[in-house]
>>> print(open('start-v3.txt').read())   # compact mmCIF, C-alpha atoms
# COMPACT_ATOMS: atom_id res chain seq x y z
CA PHE A 1281 0.00 0.00 0.00
CA PRO A 1282 1.29 3.51 -0.69
CA ILE A 1283 2.32 5.65 2.28
CA TYR A 1284 0.64 9.04 2.54
CA GLU A 1285 1.76 12.14 4.37
CA ILE A 1286 -0.72 13.59 6.83
CA GLY A 1287 -2.62 16.40 5.17
CA CYS A 1288 -1.49 15.34 1.66
CA GLU A 1289 -3.47 12.16 1.12
CA SER A 1290 -3.42 12.53 -2.64
CA GLU A 1291 0.40 12.38 -2.84
CA PRO A 1292 2.11 9.13 -1.79
CA VAL A 1293 5.55 9.50 -0.19
CA PRO A 1294 8.20 7.83 -2.35
CA LYS A 1295 10.03 4.93 -0.76
CA VAL A 1296 13.64 5.66 0.17
CA ASP A 1297 14.95 3.31 -2.53
CA GLN A 1298 13.06 5.33 -5.12
CA ILE A 1299 14.62 8.54 -3.82
CA LYS A 1300 18.08 6.96 -3.99
CA SER A 1301 17.49 5.84 -7.55
CA LYS A 1302 16.31 9.31 -8.53
CA ALA A 1303 19.38 10.88 -6.90
CA GLN A 1304 21.70 8.51 -8.74
CA GLU A 1305 20.01 9.27 -12.05
CA LEU A 1306 20.33 13.01 -11.44
CA PHE A 1307 24.00 12.59 -10.56
CA GLN A 1308 24.67 10.56 -13.70
CA ARG A 1309 22.94 13.22 -15.80
CA GLY A 1310 25.18 15.88 -14.28
CA ASP A 1311 22.39 17.58 -12.35
CA TYR A 1312 24.44 17.61 -9.17
CA ALA A 1313 22.51 20.25 -7.21
CA LYS A 1314 19.27 18.32 -7.59
CA ALA A 1315 21.09 15.09 -6.76
CA VAL A 1316 22.25 16.65 -3.49
CA ALA A 1317 18.69 17.68 -2.67
CA GLU A 1318 17.45 14.11 -3.23
CA TYR A 1319 20.28 12.56 -1.23
CA LYS A 1320 19.45 14.90 1.64
CA ARG A 1321 15.90 13.56 1.55
CA VAL A 1322 17.37 10.10 2.05
CA LEU A 1323 19.27 11.34 5.10
CA GLU A 1324 15.99 12.47 6.65
CA VAL A 1325 15.03 8.79 6.72
CA GLU A 1326 18.51 7.27 7.18
CA PRO A 1327 20.50 9.91 9.10
CA GLY A 1328 23.52 7.68 9.67
CA ASN A 1329 23.93 6.40 6.14
CA ALA A 1330 27.65 6.83 5.44
CA SER A 1331 27.40 6.02 1.74
CA ILE A 1332 24.84 8.79 1.21
CA TYR A 1333 27.16 11.32 2.84
CA ASN A 1334 29.87 10.05 0.50
CA PHE A 1335 27.61 10.52 -2.54
CA ILE A 1336 26.72 14.04 -1.39
CA GLY A 1337 30.42 14.79 -1.00
CA ASP A 1338 31.05 13.58 -4.55
CA ALA A 1339 28.25 15.77 -5.85
CA TYR A 1340 29.64 18.83 -4.08
CA ILE A 1341 33.03 18.13 -5.63
CA LYS A 1342 31.37 18.24 -9.03
CA LEU A 1343 29.82 21.56 -8.00
CA ASN A 1344 33.27 22.78 -6.95
CA ASN A 1345 32.04 23.33 -3.40
CA ILE A 1346 35.03 21.79 -1.63
CA ALA A 1347 34.07 22.92 1.88
CA GLU A 1348 30.66 21.21 1.72
CA ALA A 1349 32.20 18.16 0.10
CA ILE A 1350 34.71 17.76 2.92
CA SER A 1351 32.02 18.32 5.55
CA ASN A 1352 30.00 15.44 4.11
CA TYR A 1353 33.04 13.22 3.62
CA GLN A 1354 33.86 13.72 7.30
CA GLU A 1355 30.36 12.56 8.23
CA ALA A 1356 30.79 9.54 5.96
CA MET A 1357 34.12 8.72 7.61
CA LYS A 1358 32.59 9.06 11.07
CA TYR A 1359 29.72 6.68 10.34
CA TYR A 1360 31.89 4.15 8.49
CA SER A 1361 34.22 4.10 11.52
CA ALA A 1362 31.27 3.69 13.89
CA ASP A 1363 30.20 0.66 11.85
CA SER A 1364 33.78 -0.72 11.91
CA LEU A 1365 33.98 -0.37 8.13
CA TYR A 1366 37.56 0.82 8.34
CA ASN A 1367 38.46 0.15 4.69
CA ASN A 1368 35.70 2.54 3.67
CA ALA A 1369 36.71 5.09 6.29
CA VAL A 1370 40.32 4.99 5.06
CA ALA A 1371 39.17 5.52 1.48
CA ILE A 1372 37.16 8.57 2.53
CA CYS A 1373 40.02 9.98 4.59
CA ARG A 1374 42.33 9.67 1.60
CA LYS A 1375 39.72 11.45 -0.51
CA ILE A 1376 39.74 14.37 1.92
CA LEU A 1377 43.54 14.45 1.84
CA ARG A 1378 43.44 15.19 -1.88
CA TYR A 1379 41.97 18.57 -1.01
CA ARG A 1380 43.41 19.13 2.46
CA LYS A 1381 46.90 17.65 2.21
CA ASP A 1382 48.21 20.21 4.70
CA ASP A 1383 45.72 19.22 7.40
CA ALA A 1384 47.94 17.43 9.92
CA ASP A 1385 44.98 16.04 11.86
CA LEU A 1386 43.96 13.95 8.86
CA TYR A 1387 47.24 12.04 9.03
CA LYS A 1388 46.56 11.24 12.68
CA THR A 1389 43.05 10.09 11.83
CA LEU A 1390 44.37 7.95 8.99
CA GLY A 1391 47.01 6.44 11.27
CA GLU A 1392 44.40 5.51 13.86
CA LEU A 1393 42.20 3.93 11.19
CA TYR A 1394 45.14 1.81 10.05
CA ILE A 1395 45.66 0.70 13.67
CA HIS A 1396 42.11 -0.66 13.65
CA GLN A 1397 43.09 -2.67 10.57
CA ASP A 1398 46.33 -3.92 12.20
CA LEU A 1399 48.28 -2.22 9.40
CA ILE A 1400 51.01 -1.03 11.74
CA ASN A 1401 53.56 0.17 9.18
CA GLU A 1402 50.93 2.31 7.44
CA ALA A 1403 49.75 3.58 10.83
CA ILE A 1404 53.27 4.58 11.86
CA THR A 1405 53.93 6.34 8.55
CA ASN A 1406 50.88 8.57 8.99
CA LEU A 1407 51.28 9.13 12.74
CA LEU A 1408 54.89 10.14 12.14
CA GLU A 1409 53.76 12.60 9.46
CA TYR A 1410 51.35 14.13 11.98
CA ALA A 1411 53.95 14.30 14.76
CA GLU A 1412 56.60 15.90 12.57
CA ARG A 1413 54.16 18.50 11.28
CA LYS A 1414 53.16 19.35 14.85
CA MET A 1415 56.82 19.73 15.82
CA LYS A 1416 57.29 22.21 12.97
CA GLU A 1417 54.27 24.13 14.26
CA GLY A 1418 55.86 24.28 17.72
CA ARG A 1419 53.15 22.03 19.18
CA GLN A 1420 55.36 19.60 21.08
CA ASP A 1421 52.48 19.02 23.46
CA LEU A 1422 50.59 17.35 20.62
CA ALA A 1423 53.59 15.67 19.03
CA PHE A 1424 54.99 13.92 22.11
CA PRO A 1425 52.02 11.63 22.80
CA VAL A 1426 52.02 10.51 19.17
CA TYR A 1427 55.75 9.77 19.14
CA LYS A 1428 55.13 7.71 22.30
CA GLN A 1429 52.25 5.97 20.55
CA ILE A 1430 54.55 5.11 17.64
CA VAL A 1431 57.14 3.65 20.02
CA ASP A 1432 54.45 1.57 21.71
CA LEU A 1433 53.23 0.30 18.34
CA ASN A 1434 56.73 -0.77 17.35
CA PRO A 1435 59.12 -0.99 20.32
CA GLN A 1436 61.88 -2.18 17.98
CA ASN A 1437 61.91 1.16 16.18
CA LEU A 1438 64.92 2.38 18.13
CA ASN A 1439 65.44 5.47 16.00
CA ILE A 1440 62.05 6.82 17.04
CA ARG A 1441 62.67 5.90 20.68
CA ALA A 1442 66.01 7.74 20.56
CA LYS A 1443 64.35 10.76 18.98
CA LEU A 1444 61.62 10.75 21.63
CA ALA A 1445 64.20 10.56 24.41
CA GLU A 1446 66.17 13.50 23.00
CA MET A 1447 62.97 15.50 22.61
CA TYR A 1448 62.03 14.87 26.25
CA LEU A 1449 65.51 15.99 27.27
CA ALA A 1450 65.31 19.16 25.18
CA GLU A 1451 62.03 20.00 26.91
CA LYS A 1452 63.60 19.25 30.32
CA ARG A 1453 61.16 16.43 30.95
CA MET A 1454 63.87 14.52 32.75
CA ALA A 1455 61.92 11.59 34.16
CA GLU A 1456 60.51 10.68 30.76
CA ALA A 1457 63.87 11.22 29.06
CA ILE A 1458 65.64 8.96 31.56
CA ASN A 1459 63.00 6.28 31.13
CA GLU A 1460 63.28 6.29 27.34
CA PHE A 1461 67.10 6.30 27.39
CA ALA A 1462 67.09 3.38 29.85
CA LEU A 1463 64.71 1.41 27.63
CA LEU A 1464 66.85 2.25 24.62
CA ALA A 1465 69.99 1.05 26.41
CA GLN A 1466 68.30 -2.25 27.25
CA ALA A 1467 67.19 -2.64 23.63
CA TYR A 1468 70.79 -2.09 22.51
CA ARG A 1469 71.94 -4.79 24.93
CA ASP A 1470 69.30 -7.17 23.62
CA GLN A 1471 70.67 -6.59 20.12
CA GLY A 1472 74.26 -7.16 21.20
CA ARG A 1473 75.18 -3.49 20.75
CA GLN A 1474 77.16 -3.36 23.99
CA ILE A 1475 79.23 -0.24 23.35
CA GLU A 1476 76.13 1.84 22.56
CA ALA A 1477 74.31 0.34 25.55
CA GLU A 1478 77.13 1.18 27.95
CA ALA A 1479 77.39 4.73 26.64
CA LEU A 1480 73.67 5.28 27.18
CA GLU A 1481 73.73 3.70 30.62
CA ALA A 1482 76.53 6.07 31.59
CA ARG A 1483 74.45 8.95 30.29
CA VAL A 1484 71.44 7.81 32.32
CA ARG A 1485 73.55 7.57 35.49
CA SER A 1486 74.80 11.10 34.90
CA MET A 1487 71.26 12.39 34.37
CA ARG A 1488 70.24 10.75 37.65
CA GLY A 1489 73.19 12.29 39.46
CA GLU A 1490 74.66 8.89 40.20
CA PRO A 1491 78.41 8.19 40.27
CA ALA A 1492 80.05 6.76 37.17
CA ALA A 1493 80.43 3.00 36.98
CA PRO A 1494 83.78 1.73 38.22
>>> encode(input="start-v3.txt", output="structure tokens")
Amino acid sequence: FPIYEIGCESEPVPKVDQIKSKAQELFQRGDYAKAVAEYKRVLEVEPGNASIYNFIGDAYIKLNNIAEAISNYQEAMKYYSADSLYNNAVAICRKILRYRKDDADLYKTLGELYIHQDLINEAITNLLEYAERKMKEGRQDLAFPVYKQIVDLNPQNLNIRAKLAEMYLAEKRMAEAINEFALLAQAYRDQGRQIEAEALEARVRSMRGEPAAP
């Protein structure tokens, strides 16, 4: 039976699938503004539909309205992530990066999405991009936790651990610096790099105010 709106009994309300089909047809014909209007009608019925936000974003790109496109892509990414559809969320995040490649936060978001997929190397690459950009901006407060996150993701990445330790030292965060240098020294020992380990251990003792080893 057709569904009627109250007060408009002569006009049946189209089913959502019909609205979607109409929107797709409008998009394919190049009538992007009308396609957006139809897709927004779908969202009134399915407010968390990530794919519809994605379609709206695509339509706004065609209309050269980048700000609205990105706004809708961000909604798509949010709902895909909420549904654990991380492949889709990654694809949307990479779409946004085409237009906002200087947005450091997107690299952090992308890194976290890759963590959900257990793609650790990809996660580290993007988290490192974020952290280095934040360092250039003078936002060490935002960079430090991400460098620590990278070290936790891959404890064998000794170059990053060494960099983190030196950064803590430069910021006079002595307790954290000492901890990272001590962990680095132990990692060197585990790898048979005794000379480097002993040099770091001596440095840690000095930082602690302890006497040199006999």
>>> atom_distance(input="start-v3.txt", atom1="CA of Gln1304 in chain A", atom2="CA of Glu1326 in chain A")
16.3 Å
>>> closest_residue(input="start-v3.txt", among="A:Leu1399, A:Met1357, A:Ile1475, A:Ile1341", to="Leu1386 in chain A", atoms="all atoms listed in the file")
A:Met1357
>>> residues_around(input="start-v3.txt", residues="Gln1308 in chain A", least_positions_apart="5", cutoff="12 Å", atoms="all atoms listed in the file", output="ChimeraX atom specification")
/A:1301-1303,1313-1315,1335,1338-1339,1342
>>> closest_residue(input="start-v3.txt", among="A:Arg1309, A:Lys1358, A:Lys1452, A:Arg1483", to="Ala1330 in chain A", atoms="all atoms listed in the file")
A:Lys1358
>>> atom_distance(input="start-v3.txt", atom1="CA of Lys1381 in chain A", atom2="CA of Ala1347 in chain A")
13.9 Å
>>> residues_around(input="start-v3.txt", residues="Lys1388 in chain A", least_positions_apart="3", cutoff="7 Å", atoms="only C-alpha atoms", output="list in words")
Ala1384, Asp1385, Gly1391, Glu1392, Asn1406, Leu1407 and Tyr1410 of chain A
>>> residues_around(input="start-v3.txt", residues="Ala1403 in chain A", least_positions_apart="5", cutoff="12 Å", atoms="only C-alpha atoms", output="list of chain:residue names")
A:Val1370, A:Tyr1387, A:Lys1388, A:Thr1389, A:Leu1390, A:Gly1391, A:Glu1392, A:Leu1393, A:Tyr1394, A:Ile1395, A:His1396, A:Gln1397, A:Asp1398, A:Leu1408, A:Glu1409, A:Tyr1410, A:Val1426, A:Tyr1427, A:Gln1429, A:Ile1430, A:Val1431, A:Leu1433, A:Asn1434
>>> closest_residue(input="start-v3.txt", among="A:Glu1417, A:Glu1456, A:Ala1465, A:Lys1295", to="Leu1438 in chain A", atoms="all atoms listed in the file")
A:Ala1465
>>> closest_residue(input="start-v3.txt", among="A:Arg1488, A:Arg1453, A:Leu1464, A:Ala1423", to="Arg1441 in chain A", atoms="all atoms listed in the file")
A:Leu1464
>>> decode(input="start-v3.txt", residues="range 1377-1435 of chain A", atoms="C-alpha atoms", output="compact mmCIF listing (two decimals), in the first residue's frame")
# COMPACT_ATOMS: atom_id res chain seq x y z
CA LEU A 1377 43.54 14.45 1.84
CA ARG A 1378 43.44 15.19 -1.88
CA TYR A 1379 41.97 18.57 -1.01
CA ARG A 1380 43.41 19.13 2.46
CA LYS A 1381 46.90 17.65 2.21
CA ASP A 1382 48.21 20.21 4.70
CA ASP A 1383 45.72 19.22 7.40
CA ALA A 1384 47.94 17.43 9.92
CA ASP A 1385 44.98 16.04 11.86
CA LEU A 1386 43.96 13.95 8.86
CA TYR A 1387 47.24 12.04 9.03
CA LYS A 1388 46.56 11.24 12.68
CA THR A 1389 43.05 10.09 11.83
CA LEU A 1390 44.37 7.95 8.99
CA GLY A 1391 47.01 6.44 11.27
CA GLU A 1392 44.40 5.51 13.86
CA LEU A 1393 42.20 3.93 11.19
CA TYR A 1394 45.14 1.81 10.05
CA ILE A 1395 45.66 0.70 13.67
CA HIS A 1396 42.11 -0.66 13.65
CA GLN A 1397 43.09 -2.67 10.57
CA ASP A 1398 46.33 -3.92 12.20
CA LEU A 1399 48.28 -2.22 9.40
CA ILE A 1400 51.01 -1.03 11.74
CA ASN A 1401 53.56 0.17 9.18
CA GLU A 1402 50.93 2.31 7.44
CA ALA A 1403 49.75 3.58 10.83
CA ILE A 1404 53.27 4.58 11.86
CA THR A 1405 53.93 6.34 8.55
CA ASN A 1406 50.88 8.57 8.99
CA LEU A 1407 51.28 9.13 12.74
CA LEU A 1408 54.89 10.14 12.14
CA GLU A 1409 53.76 12.60 9.46
CA TYR A 1410 51.35 14.13 11.98
CA ALA A 1411 53.95 14.30 14.76
CA GLU A 1412 56.60 15.90 12.57
CA ARG A 1413 54.16 18.50 11.28
CA LYS A 1414 53.16 19.35 14.85
CA MET A 1415 56.82 19.73 15.82
CA LYS A 1416 57.29 22.21 12.97
CA GLU A 1417 54.27 24.13 14.26
CA GLY A 1418 55.86 24.28 17.72
CA ARG A 1419 53.15 22.03 19.18
CA GLN A 1420 55.36 19.60 21.08
CA ASP A 1421 52.48 19.02 23.46
CA LEU A 1422 50.59 17.35 20.62
CA ALA A 1423 53.59 15.67 19.03
CA PHE A 1424 54.99 13.92 22.11
CA PRO A 1425 52.02 11.63 22.80
CA VAL A 1426 52.02 10.51 19.17
CA TYR A 1427 55.75 9.77 19.14
CA LYS A 1428 55.13 7.71 22.30
CA GLN A 1429 52.25 5.97 20.55
CA ILE A 1430 54.55 5.11 17.64
CA VAL A 1431 57.14 3.65 20.02
CA ASP A 1432 54.45 1.57 21.71
CA LEU A 1433 53.23 0.30 18.34
CA ASN A 1434 56.73 -0.77 17.35
CA PRO A 1435 59.12 -0.99 20.32
